[in-house]
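K.L.:
Data file run.txt (compact mmCIF, C-alpha atoms) is appended below.
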# COMPACT_ATOMS: atom_id res chain seq x y z
CA MET A 1 -202.77 -108.95 11.70
CA ALA A 2 -199.73 -106.95 10.67
CA ALA A 3 -200.11 -105.12 7.40
CA MET A 4 -198.39 -106.82 4.48
CA LEU A 5 -197.36 -103.49 2.96
CA LYS A 6 -194.57 -101.72 4.84
CA VAL A 7 -193.72 -98.11 3.97
CA TYR A 8 -190.30 -96.93 5.15
CA ALA A 9 -190.42 -93.17 5.31
CA ASP A 10 -189.25 -89.95 6.93
CA ARG A 11 -191.99 -87.35 7.00
CA LEU A 12 -189.43 -84.57 6.63
CA SER A 13 -188.81 -85.89 3.12
CA GLN A 14 -191.31 -84.70 0.56
CA PRO A 15 -191.52 -87.97 -1.44
CA SER A 16 -192.19 -89.84 1.82
CA ARG A 17 -195.09 -87.54 2.60
CA ALA A 18 -196.61 -87.90 -0.84
CA LEU A 19 -196.54 -91.65 -0.46
CA ILE A 20 -198.08 -91.65 3.03
CA ILE A 21 -200.85 -89.31 1.93
CA PHE A 22 -201.56 -91.54 -1.06
CA CYS A 23 -201.79 -94.64 1.16
CA ARG A 24 -204.08 -92.93 3.67
CA VAL A 25 -206.41 -91.31 1.15
CA ASN A 26 -206.83 -94.63 -0.62
CA LYS A 27 -207.20 -96.52 2.66
CA LEU A 28 -204.44 -98.99 1.84
CA ASP A 29 -203.66 -101.42 4.62
CA PHE A 30 -200.07 -100.43 5.40
CA GLU A 31 -197.62 -99.99 8.20
CA GLU A 32 -195.47 -96.86 8.31
CA VAL A 33 -191.93 -97.48 9.51
CA THR A 34 -190.09 -94.27 10.35
CA VAL A 35 -186.52 -94.06 9.09
CA ASN A 36 -185.08 -90.94 10.70
CA LEU A 37 -182.67 -89.53 8.13
CA GLY A 38 -181.43 -86.93 10.60
CA LYS A 39 -180.31 -89.72 12.90
CA GLY A 40 -178.71 -91.61 10.01
CA GLN A 41 -181.12 -94.53 10.29
CA HIS A 42 -180.95 -94.96 6.50
CA ARG A 43 -177.29 -95.92 6.85
CA THR A 44 -177.74 -98.74 9.37
CA PRO A 45 -177.03 -102.38 8.45
CA GLU A 46 -180.72 -103.16 9.12
CA PHE A 47 -181.93 -100.61 6.59
CA ASN A 48 -179.24 -101.62 4.13
CA LYS A 49 -181.02 -104.98 3.92
CA ILE A 50 -184.25 -103.18 3.03
CA ASN A 51 -182.73 -100.72 0.59
CA PRO A 52 -179.04 -100.93 -0.29
CA MET A 53 -179.43 -97.52 -1.97
CA GLY A 54 -180.03 -96.02 1.47
CA GLN A 55 -182.97 -93.93 0.31
CA VAL A 56 -186.48 -93.40 1.58
CA PRO A 57 -189.23 -93.96 0.77
CA VAL A 58 -189.03 -97.64 0.04
CA ILE A 59 -191.78 -100.23 0.30
CA VAL A 60 -191.85 -103.91 1.08
CA ASP A 61 -195.03 -105.54 -0.19
CA GLY A 62 -194.83 -109.19 0.76
CA ARG A 63 -191.81 -110.48 -1.10
CA PHE A 64 -191.59 -107.40 -3.30
CA ARG A 65 -189.31 -104.46 -2.55
CA LEU A 66 -189.37 -101.18 -4.42
CA PHE A 67 -187.76 -97.77 -4.12
CA GLU A 68 -188.13 -94.40 -5.87
CA SER A 69 -191.31 -92.64 -4.83
CA HIS A 70 -192.78 -92.20 -8.31
CA ALA A 71 -192.25 -95.88 -9.14
CA ILE A 72 -193.90 -96.76 -5.82
CA LEU A 73 -196.89 -94.50 -6.47
CA ARG A 74 -197.37 -96.01 -9.93
CA TYR A 75 -197.13 -99.50 -8.48
CA LEU A 76 -199.58 -98.92 -5.64
CA ALA A 77 -202.06 -97.18 -7.94
CA THR A 78 -201.92 -100.19 -10.26
CA VAL A 79 -201.75 -103.15 -7.94
CA PHE A 80 -204.22 -102.22 -5.20
CA PRO A 81 -207.85 -102.76 -6.08
CA GLY A 82 -210.13 -99.80 -5.53
CA VAL A 83 -207.68 -96.96 -6.18
CA PRO A 84 -209.67 -94.49 -8.32
CA ASP A 85 -208.48 -94.09 -11.89
CA HIS A 86 -207.74 -90.36 -11.60
CA TRP A 87 -204.57 -91.08 -9.60
CA TYR A 88 -202.90 -92.82 -12.52
CA PRO A 89 -205.32 -92.94 -15.43
CA VAL A 90 -205.42 -95.93 -17.71
CA ASP A 91 -206.11 -93.64 -20.68
CA LEU A 92 -202.89 -93.62 -22.75
CA PHE A 93 -202.73 -89.93 -23.49
CA THR A 94 -203.66 -88.72 -20.02
CA ARG A 95 -201.19 -91.12 -18.49
CA ALA A 96 -198.43 -90.03 -20.88
CA LYS A 97 -198.92 -86.41 -19.78
CA ILE A 98 -198.73 -87.46 -16.15
CA GLU A 99 -195.54 -89.43 -16.83
CA SER A 100 -194.07 -86.38 -18.50
CA ILE A 101 -194.76 -84.24 -15.42
CA LEU A 102 -193.43 -86.90 -13.04
CA ASP A 103 -190.21 -87.12 -15.04
CA TRP A 104 -189.91 -83.39 -15.39
CA HIS A 105 -190.40 -83.08 -11.64
CA HIS A 106 -187.54 -85.48 -11.10
CA SER A 107 -185.07 -83.74 -13.33
CA ASN A 108 -186.01 -80.18 -12.42
CA LEU A 109 -188.19 -79.36 -9.45
CA ARG A 110 -186.45 -81.78 -7.12
CA ARG A 111 -183.21 -79.85 -7.57
CA GLY A 112 -184.84 -77.20 -5.44
CA ALA A 113 -188.41 -76.11 -4.93
CA GLU A 114 -186.93 -72.76 -4.04
CA SER A 115 -185.73 -71.98 -7.53
CA ALA A 116 -187.21 -70.52 -10.65
CA GLU A 117 -188.55 -73.98 -11.42
CA VAL A 118 -191.62 -73.17 -9.40
CA SER A 119 -192.46 -70.66 -12.08
CA VAL A 120 -192.21 -73.41 -14.64
CA ALA A 121 -194.48 -75.55 -12.48
CA ASN A 122 -196.90 -72.64 -12.59
CA ASP A 123 -196.69 -72.74 -16.34
CA HIS A 124 -197.50 -76.42 -16.29
CA VAL A 125 -200.51 -75.82 -14.12
CA ARG A 126 -201.70 -73.02 -16.32
CA ARG A 127 -201.27 -74.85 -19.60
CA GLY A 128 -202.37 -78.37 -18.97
CA LYS A 129 -205.90 -78.89 -17.82
CA GLU A 130 -205.48 -82.61 -18.08
CA GLN A 131 -202.13 -82.53 -16.35
CA ALA A 132 -202.91 -80.70 -13.18
CA LEU A 133 -206.04 -79.97 -11.24
CA ASN A 134 -207.12 -76.53 -12.46
CA GLY A 135 -210.37 -76.72 -10.56
CA ASN A 136 -210.79 -80.44 -11.05
CA PRO A 137 -211.18 -82.12 -7.66
CA GLN A 138 -209.40 -85.28 -8.84
CA PRO A 139 -205.62 -85.25 -8.34
CA SER A 140 -203.12 -87.55 -10.04
CA ILE A 141 -199.95 -88.93 -8.47
CA ALA A 142 -198.08 -86.12 -10.29
CA ASP A 143 -200.21 -83.46 -8.57
CA LEU A 144 -199.59 -85.04 -5.19
CA SER A 145 -195.87 -85.41 -5.72
CA LEU A 146 -195.39 -81.85 -6.94
CA VAL A 147 -197.48 -80.26 -4.21
CA CYS A 148 -195.57 -82.14 -1.50
CA GLU A 149 -192.37 -80.87 -3.06
CA ILE A 150 -193.54 -77.28 -3.08
CA MET A 151 -194.69 -77.62 0.55
CA GLN A 152 -191.01 -77.85 1.42
CA LEU A 153 -191.00 -74.07 0.87
CA GLU A 154 -192.58 -73.82 4.35
CA LEU A 155 -189.05 -74.28 5.65
CA VAL A 156 -187.46 -71.31 3.86
CA GLY A 157 -189.39 -68.66 5.79
CA ASP A 158 -192.78 -67.13 5.03
CA GLU A 159 -191.35 -64.08 3.34
CA ARG A 160 -189.30 -66.06 0.87
CA ARG A 161 -192.14 -68.54 0.32
CA ASP A 162 -194.60 -65.76 -0.38
CA SER A 163 -192.23 -64.02 -2.73
CA ILE A 164 -192.03 -67.24 -4.75
CA LEU A 165 -195.62 -68.40 -4.59
CA GLY A 166 -197.45 -65.09 -4.11
CA PRO A 167 -197.29 -63.83 -7.70
CA ARG A 168 -198.35 -67.24 -9.01
CA GLU A 169 -201.97 -67.48 -8.05
CA LYS A 170 -202.65 -70.53 -10.21
CA ILE A 171 -200.16 -72.49 -8.13
CA GLY A 172 -201.90 -71.45 -4.92
CA ALA A 173 -205.33 -72.48 -6.18
CA TRP A 174 -203.98 -75.79 -7.47
CA MET A 175 -202.25 -76.55 -4.16
CA GLU A 176 -205.45 -75.77 -2.29
CA ASN A 177 -207.35 -78.19 -4.51
CA VAL A 178 -204.87 -80.97 -3.89
CA LYS A 179 -204.98 -80.31 -0.15
CA LYS A 180 -208.78 -80.38 -0.12
CA ALA A 181 -208.91 -83.58 -2.14
CA THR A 182 -206.54 -85.30 0.27
CA SER A 183 -207.74 -83.77 3.55
CA PRO A 184 -207.24 -84.48 6.45
CA HIS A 185 -204.33 -86.75 5.52
CA PHE A 186 -202.47 -83.96 3.78
CA GLU A 187 -202.41 -81.80 6.91
CA GLU A 188 -201.60 -84.77 9.12
CA ALA A 189 -198.63 -85.83 7.00
CA HIS A 190 -197.31 -82.25 7.06
CA GLU A 191 -197.51 -81.79 10.84
CA LEU A 192 -193.82 -82.58 11.23
CA ILE A 193 -192.88 -79.98 8.63
CA PHE A 194 -194.87 -77.33 10.48
CA LYS A 195 -193.27 -78.37 13.77
CA MET A 196 -189.88 -78.00 12.18
CA LYS A 197 -190.91 -74.66 10.73
CA ALA A 198 -191.93 -73.42 14.19
CA TRP A 199 -188.66 -74.68 15.61
CA LEU A 200 -186.67 -72.97 12.86
CA SER A 201 -188.37 -69.62 13.39
CA ALA A 202 -188.06 -69.85 17.18
CA ASP A 203 -184.38 -70.51 16.66
CA ARG A 204 -184.10 -67.56 14.33
CA VAL A 205 -185.78 -65.24 16.81
CA LYS A 206 -183.42 -66.47 19.49
CA THR A 207 -180.42 -65.87 17.25
CA VAL A 208 -181.58 -62.39 16.36
CA SER A 209 -182.24 -61.44 20.01
CA LYS A 210 -178.73 -62.53 20.85
CA LEU A 211 -177.21 -60.10 18.38
CA MET B 1 -196.61 -89.79 -47.16
CA ALA B 2 -194.99 -87.86 -44.35
CA ALA B 3 -194.68 -89.78 -41.10
CA MET B 4 -197.28 -88.85 -38.53
CA LEU B 5 -194.78 -89.21 -35.67
CA LYS B 6 -192.19 -86.43 -35.51
CA VAL B 7 -189.20 -86.79 -33.19
CA TYR B 8 -187.39 -83.55 -32.39
CA ALA B 9 -183.91 -84.48 -31.27
CA ASP B 10 -180.23 -83.58 -31.06
CA ARG B 11 -178.04 -86.67 -31.33
CA LEU B 12 -175.47 -85.11 -29.04
CA SER B 13 -178.06 -85.44 -26.27
CA GLN B 14 -178.20 -88.90 -24.73
CA PRO B 15 -182.01 -89.03 -24.24
CA SER B 16 -182.44 -88.06 -27.90
CA ARG B 17 -180.25 -90.95 -28.98
CA ALA B 18 -182.10 -93.46 -26.79
CA LEU B 19 -185.33 -92.38 -28.39
CA ILE B 20 -184.04 -92.57 -31.96
CA ILE B 21 -182.57 -96.03 -31.36
CA PHE B 22 -185.88 -97.19 -29.90
CA CYS B 23 -187.82 -95.91 -32.93
CA ARG B 24 -185.41 -97.51 -35.40
CA VAL B 25 -185.13 -100.89 -33.66
CA ASN B 26 -188.90 -101.11 -33.49
CA LYS B 27 -189.32 -99.86 -37.06
CA LEU B 28 -191.69 -97.08 -36.09
CA ASP B 29 -192.72 -94.84 -38.95
CA PHE B 30 -191.23 -91.54 -37.78
CA GLU B 31 -189.49 -88.43 -39.01
CA GLU B 32 -186.44 -87.17 -37.16
CA VAL B 33 -186.23 -83.39 -36.92
CA THR B 34 -182.82 -82.17 -35.77
CA VAL B 35 -182.88 -79.42 -33.18
CA ASN B 36 -179.26 -78.26 -32.89
CA LEU B 37 -178.85 -77.29 -29.25
CA GLY B 38 -175.37 -75.91 -29.91
CA LYS B 39 -176.89 -73.46 -32.37
CA GLY B 40 -179.67 -72.56 -29.92
CA GLN B 41 -182.40 -73.97 -32.15
CA HIS B 42 -184.33 -75.02 -29.02
CA ARG B 43 -184.77 -71.37 -28.15
CA THR B 44 -186.34 -70.26 -31.43
CA PRO B 45 -189.98 -69.08 -31.61
CA GLU B 46 -190.71 -72.02 -33.95
CA PHE B 47 -189.50 -74.59 -31.44
CA ASN B 48 -191.21 -72.75 -28.61
CA LYS B 49 -194.49 -73.67 -30.32
CA ILE B 50 -193.47 -77.33 -30.28
CA ASN B 51 -192.10 -77.39 -26.74
CA PRO B 52 -192.39 -74.27 -24.57
CA MET B 53 -189.99 -75.98 -22.12
CA GLY B 54 -187.27 -75.68 -24.76
CA GLN B 55 -186.07 -79.26 -24.26
CA VAL B 56 -185.32 -82.13 -26.59
CA PRO B 57 -186.39 -84.77 -27.22
CA VAL B 58 -190.01 -84.00 -27.80
CA ILE B 59 -192.47 -85.81 -30.03
CA VAL B 60 -195.51 -84.75 -31.97
CA ASP B 61 -197.74 -87.70 -32.77
CA GLY B 62 -200.64 -86.36 -34.77
CA ARG B 63 -202.37 -83.96 -32.39
CA PHE B 64 -200.46 -85.22 -29.37
CA ARG B 65 -197.30 -83.57 -28.08
CA LEU B 66 -195.08 -85.02 -25.38
CA PHE B 67 -191.72 -84.26 -23.82
CA GLU B 68 -189.40 -85.97 -21.33
CA SER B 69 -187.61 -88.91 -22.90
CA HIS B 70 -188.75 -91.55 -20.41
CA ALA B 71 -192.39 -90.52 -20.74
CA ILE B 72 -191.99 -90.65 -24.53
CA LEU B 73 -190.41 -94.12 -24.42
CA ARG B 74 -193.23 -95.41 -22.22
CA TYR B 75 -195.80 -93.87 -24.55
CA LEU B 76 -194.30 -95.26 -27.75
CA ALA B 77 -193.86 -98.72 -26.21
CA THR B 78 -197.52 -98.68 -25.23
CA VAL B 79 -199.26 -97.03 -28.15
CA PHE B 80 -197.49 -98.57 -31.15
CA PRO B 81 -198.61 -102.05 -32.09
CA GLY B 82 -195.87 -104.63 -32.46
CA VAL B 83 -193.38 -103.26 -29.92
CA PRO B 84 -192.14 -106.38 -28.07
CA ASP B 85 -193.15 -106.62 -24.43
CA HIS B 86 -189.57 -106.70 -23.09
CA TRP B 87 -189.17 -102.97 -23.75
CA TYR B 88 -191.83 -102.05 -21.19
CA PRO B 89 -193.28 -105.23 -19.76
CA VAL B 90 -196.95 -105.42 -18.89
CA ASP B 91 -196.14 -107.61 -15.87
CA LEU B 92 -196.73 -105.39 -12.80
CA PHE B 93 -193.65 -106.34 -10.84
CA THR B 94 -191.18 -106.29 -13.73
CA ARG B 95 -192.57 -102.97 -14.84
CA ALA B 96 -192.33 -101.53 -11.33
CA LYS B 97 -188.63 -102.42 -11.20
CA ILE B 98 -188.08 -100.75 -14.56
CA GLU B 99 -189.93 -97.63 -13.36
CA SER B 100 -187.70 -97.58 -10.31
CA ILE B 101 -184.56 -97.63 -12.45
CA LEU B 102 -185.91 -95.00 -14.83
CA ASP B 103 -186.67 -92.71 -11.89
CA TRP B 104 -183.40 -93.41 -10.20
CA HIS B 105 -181.63 -92.64 -13.46
CA HIS B 106 -183.37 -89.30 -13.60
CA SER B 107 -182.50 -88.24 -10.10
CA ASN B 108 -178.96 -89.60 -10.04
CA LEU B 109 -177.18 -90.73 -13.15
CA ARG B 110 -178.32 -87.80 -15.26
CA ARG B 111 -176.50 -85.43 -12.91
CA GLY B 112 -173.36 -86.79 -14.49
CA ALA B 113 -172.42 -90.14 -15.95
CA GLU B 114 -168.91 -89.24 -14.96
CA SER B 115 -169.55 -89.50 -11.25
CA ALA B 116 -169.58 -92.26 -8.71
CA GLU B 117 -173.14 -92.96 -9.79
CA VAL B 118 -171.81 -95.27 -12.47
CA SER B 119 -170.68 -97.53 -9.68
CA VAL B 120 -174.21 -97.57 -8.35
CA ALA B 121 -175.44 -98.40 -11.85
CA ASN B 122 -173.01 -101.29 -11.74
CA ASP B 123 -174.62 -102.37 -8.52
CA HIS B 124 -178.03 -102.24 -10.16
CA VAL B 125 -176.83 -104.35 -13.03
CA ARG B 126 -175.26 -106.86 -10.68
CA ARG B 127 -178.23 -107.17 -8.36
CA GLY B 128 -181.26 -107.14 -10.55
CA LYS B 129 -181.47 -109.85 -13.15
CA GLU B 130 -184.96 -108.75 -14.01
CA GLN B 131 -183.96 -105.10 -14.08
CA ALA B 132 -181.08 -105.11 -16.47
CA LEU B 133 -179.84 -107.45 -19.14
CA ASN B 134 -177.29 -109.59 -17.39
CA GLY B 135 -176.92 -111.90 -20.33
CA ASN B 136 -180.55 -111.58 -21.39
CA PRO B 137 -180.71 -110.38 -25.00
CA GLN B 138 -183.94 -108.45 -24.36
CA PRO B 139 -183.43 -104.86 -23.22
CA SER B 140 -186.02 -102.63 -21.56
CA ILE B 141 -186.41 -98.89 -22.07
CA ALA B 142 -184.44 -98.46 -18.80
CA ASP B 143 -181.47 -100.41 -20.20
CA LEU B 144 -181.49 -98.32 -23.36
CA SER B 145 -181.78 -95.04 -21.51
CA LEU B 146 -178.98 -95.85 -19.06
CA VAL B 147 -176.59 -97.17 -21.67
CA CYS B 148 -177.05 -94.07 -23.84
CA GLU B 149 -176.29 -91.99 -20.77
CA ILE B 150 -173.11 -93.89 -19.98
CA MET B 151 -172.03 -93.61 -23.64
CA GLN B 152 -171.59 -89.91 -22.96
CA LEU B 153 -168.37 -90.97 -21.20
CA GLU B 154 -166.85 -91.26 -24.68
CA LEU B 155 -166.46 -87.49 -24.51
CA VAL B 156 -164.38 -87.35 -21.33
CA GLY B 157 -161.34 -89.06 -22.85
CA ASP B 158 -160.50 -92.77 -23.06
CA GLU B 159 -158.32 -92.75 -20.00
CA ARG B 160 -160.96 -91.28 -17.76
CA ARG B 161 -163.66 -93.48 -19.30
CA ASP B 162 -161.61 -96.62 -18.77
CA SER B 163 -160.80 -95.67 -15.19
CA ILE B 164 -164.53 -95.41 -14.50
CA LEU B 165 -165.81 -98.36 -16.52
CA GLY B 166 -162.76 -100.62 -16.52
CA PRO B 167 -163.05 -102.04 -13.01
CA ARG B 168 -166.77 -102.66 -13.49
CA GLU B 169 -166.86 -105.56 -15.87
CA LYS B 170 -170.58 -106.22 -15.36
CA ILE B 171 -171.32 -102.77 -16.79
CA GLY B 172 -169.20 -103.48 -19.84
CA ALA B 173 -170.92 -106.79 -20.54
CA TRP B 174 -174.34 -105.25 -20.04
CA MET B 175 -173.56 -102.35 -22.39
CA GLU B 176 -172.33 -104.78 -25.01
CA ASN B 177 -175.57 -106.74 -24.75
CA VAL B 178 -177.66 -103.62 -25.22
CA LYS B 179 -175.55 -102.58 -28.20
CA LYS B 180 -175.90 -106.01 -29.80
CA ALA B 181 -179.65 -106.09 -29.23
CA THR B 182 -180.05 -102.69 -30.90
CA SER B 183 -177.42 -103.01 -33.64
CA PRO B 184 -176.85 -101.39 -36.13
CA HIS B 185 -179.06 -98.55 -34.94
CA PHE B 186 -177.08 -98.10 -31.75
CA GLU B 187 -173.84 -97.47 -33.63
CA GLU B 188 -175.57 -95.28 -36.19
CA ALA B 189 -177.17 -93.06 -33.54
CA HIS B 190 -173.80 -92.67 -31.82
CA GLU B 191 -171.84 -91.66 -34.95
CA LEU B 192 -172.12 -87.98 -34.04
CA ILE B 193 -170.73 -88.64 -30.55
CA PHE B 194 -167.73 -90.42 -32.02
CA LYS B 195 -167.22 -87.58 -34.52
CA MET B 196 -167.27 -85.14 -31.63
CA LYS B 197 -164.88 -87.35 -29.71
CA ALA B 198 -162.44 -87.36 -32.63
CA TRP B 199 -162.76 -83.62 -32.94
CA LEU B 200 -162.16 -83.14 -29.22
CA SER B 201 -159.01 -85.27 -29.22
CA ALA B 202 -157.68 -83.64 -32.39
CA ASP B 203 -158.22 -80.31 -30.71
CA ARG B 204 -156.39 -81.56 -27.65
CA VAL B 205 -153.44 -82.73 -29.69
CA LYS B 206 -153.34 -79.37 -31.40
CA THR B 207 -153.44 -77.56 -28.10
CA VAL B 208 -150.69 -79.75 -26.69
CA SER B 209 -148.45 -79.31 -29.74
CA LYS B 210 -148.83 -75.56 -29.44
CA LEU B 211 -147.40 -75.60 -25.91
Reformat the file's structure so that it appears as structure tokens.
P.N.:
Amino acid sequence: MAAMLKVYADRLSQPSRALIIFCRVNKLDFEEVTVNLGKGQHRTPEFNKINPMGQVPVIVDGRFRLFESHAILRYLATVFPGVPDHWYPVDLFTRAKIESILDWHHSNLRRGAESAEVSVANDHVRRGKEQALNGNPQPSIADLSLVCEIMQLELVGDERRDSILGPREKIGAWMENVKKATSPHFEEAHELIFKMKAWLSADRVKTVSKL
Amino acid sequence: MAAMLKVYADRLSQPSRALIIFCRVNKLDFEEVTVNLGKGQHRTPEFNKINPMGQVPVIVDGRFRLFESHAILRYLATVFPGVPDHWYPVDLFTRAKIESILDWHHSNLRRGAESAEVSVANDHVRRGKEQALNGNPQPSIADLSLVCEIMQLELVGDERRDSILGPREKIGAWMENVKKATSPHFEEAHELIFKMKAWLSADRVKTVSKL
């Protein structure tokens, strides 16, 4: 039987990846529908019926449609039975801290993982034991969303990535914890990013050798 | 007795105003502490202890500190007894739609109420009866947050404001409904914006007459 939950996503988009990893780790019965942003598939009349905003990810769960990745993660964590509490804790104060990080992520980190904001993320990780992993093997939707965002740094070149993340060891340890807690789905969802990374560096080498 | 809930805010900031209106309409026992961003009071060592991110609004509720206006609105709507359900409905699907608008607001409208995004907000208002007011006298935290954002257009000059909002009559009706539902606190929280508007136009006239 076809899955009732449809996830429209492009794995080159960090919020799409976070959502797919969440669905896989929690064994939700879902169907992934690829919307290739590079090919403009989000601007087709067909997709316009799914999401007039032309964004991915978007979900269709039976009669219910929803966009914005954080809203989707909150919804799935709430509506599907069996999703462990640590993803989106019922506890008021813990949840409020997670909401704060999700919102902060939206207004800051998403403007560019490459910027100084990563250092602020580091600060977050360092300060808030309840907000981020810090050795705790139980990630929240905020951890997953932020780490997928920072993974986009794979595309800026290793040197640049290391210069940003290298001095911030807490970030590295936290990312490793999130990866471990969501393995092997984390790696699988990031395969496309690593393929693109390889393609980008091959292209660079080619360009340089032409000079 | 001093209020246990402290709200650090600058009424020239739209998220601060949304928060103050919410507290007043719902008769929360709170103390407003003005952090004058223009005077750099968010960068003082004292405020750094309250919010190391240097942003307003931020709340301190007893031992609990929280920043990011949407996270704060969700928290207050949840933790204070007597806040009517329409602000942040418990119903899963209605809430999910509100989350989607809050998130969308963060990643789009906040980049500038002056932009084409207002037209997308219009679209939101038109489409989603459950998402925005559309004649319903019961606003959600998303309605309040968006309307306070759009009110910032008062500062770009009436002509420009009217050219943006004028053709979008649904937006106008929706804003009026939110204002009515939160009166007189809405007007009171926006007094400073209107003072600034008057000051800006007086300054303009002066500049023009000097030419």
K.L.:
So that I can see what lies close to Val60 in chain B, please list as a VMD selection string the residues with an atom at most 12 Å from it, counting all atoms listed in the file and leaving out residues fewer than 4 positions away in the same chain.
P.N.:
chain B and resid 3 to 9 30 to 33 47 49 to 51 56 64 to 67 72 75 to 76
K.L.:
Find the residues in chain A near chain B: any atom within 10 Å counts, using only C-alpha atoms. Write them as a ChimeraX atom specification.
P.N.:
/A:52-53,64-76,78-79,92-93,95-108,110-111,120,123-124
K.L.:
Could you state the separation of CA of Arg11 in chain B and CA of Val35 in chain B in Å, given to one decimal place?
P.N.:
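Between these atoms lies a distance of 8.9 Å.
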K.L.:
Report, in Å with one decimal, the straight-line distance from CA of Glu149 in chain B to CA of Ala189 in chain B.
P.N.:
12.8 Å
K.L.:
To one decimal place, how far is CA of His185 in chain B from CA of Ile21 in chain B in Å?
P.N.:
5.6 Å
K.L.:
Might you pull out every residue within 8 Å of Trp87 in chain A, with all atoms listed in the file counted and same-chain residues fewer than 5 positions away left off, and present them as a PyMOL selection string?
P.N.:
chain A and resi 77+138-141
K.L.:
At a cut-off of 12 Å around the point (-160.3, -86.8, -24.1) (file coordinates), what residues fall inside when counting all atoms listed in the file? I'd like the answer as a list of chain:residue names.
P.N.:
B:Gln152, B:Leu153, B:Glu154, B:Leu155, B:Val156, B:Gly157, B:Asp158, B:Glu159, B:Arg160, B:Arg161, B:Asp162, B:Phe194, B:Met196, B:Lys197, B:Ala198, B:Trp199, B:Leu200, B:Ser201, B:Ala202, B:Asp203, B:Arg204, B:Val205
K.L.:
Can you pull out every residue within 12 Å of Val25 in chain B, counting all atoms listed in the file, but drop anything in the same chain fewer than 6 positions away, and send it as a VMD selection string?
P.N.:
chain B and resid 18 to 19 77 82 to 84 87 139 141 144 178 to 189
K.L.:
Excluding Met175 in chain A and its own-chain neighbours fewer than 5 positions away, which residues fall within 9 Å of it when counting all atoms listed in the file? Please give them as a PyMOL selection string.
P.N.:
chain A and resi 133+143-144+147+150-151+170+180
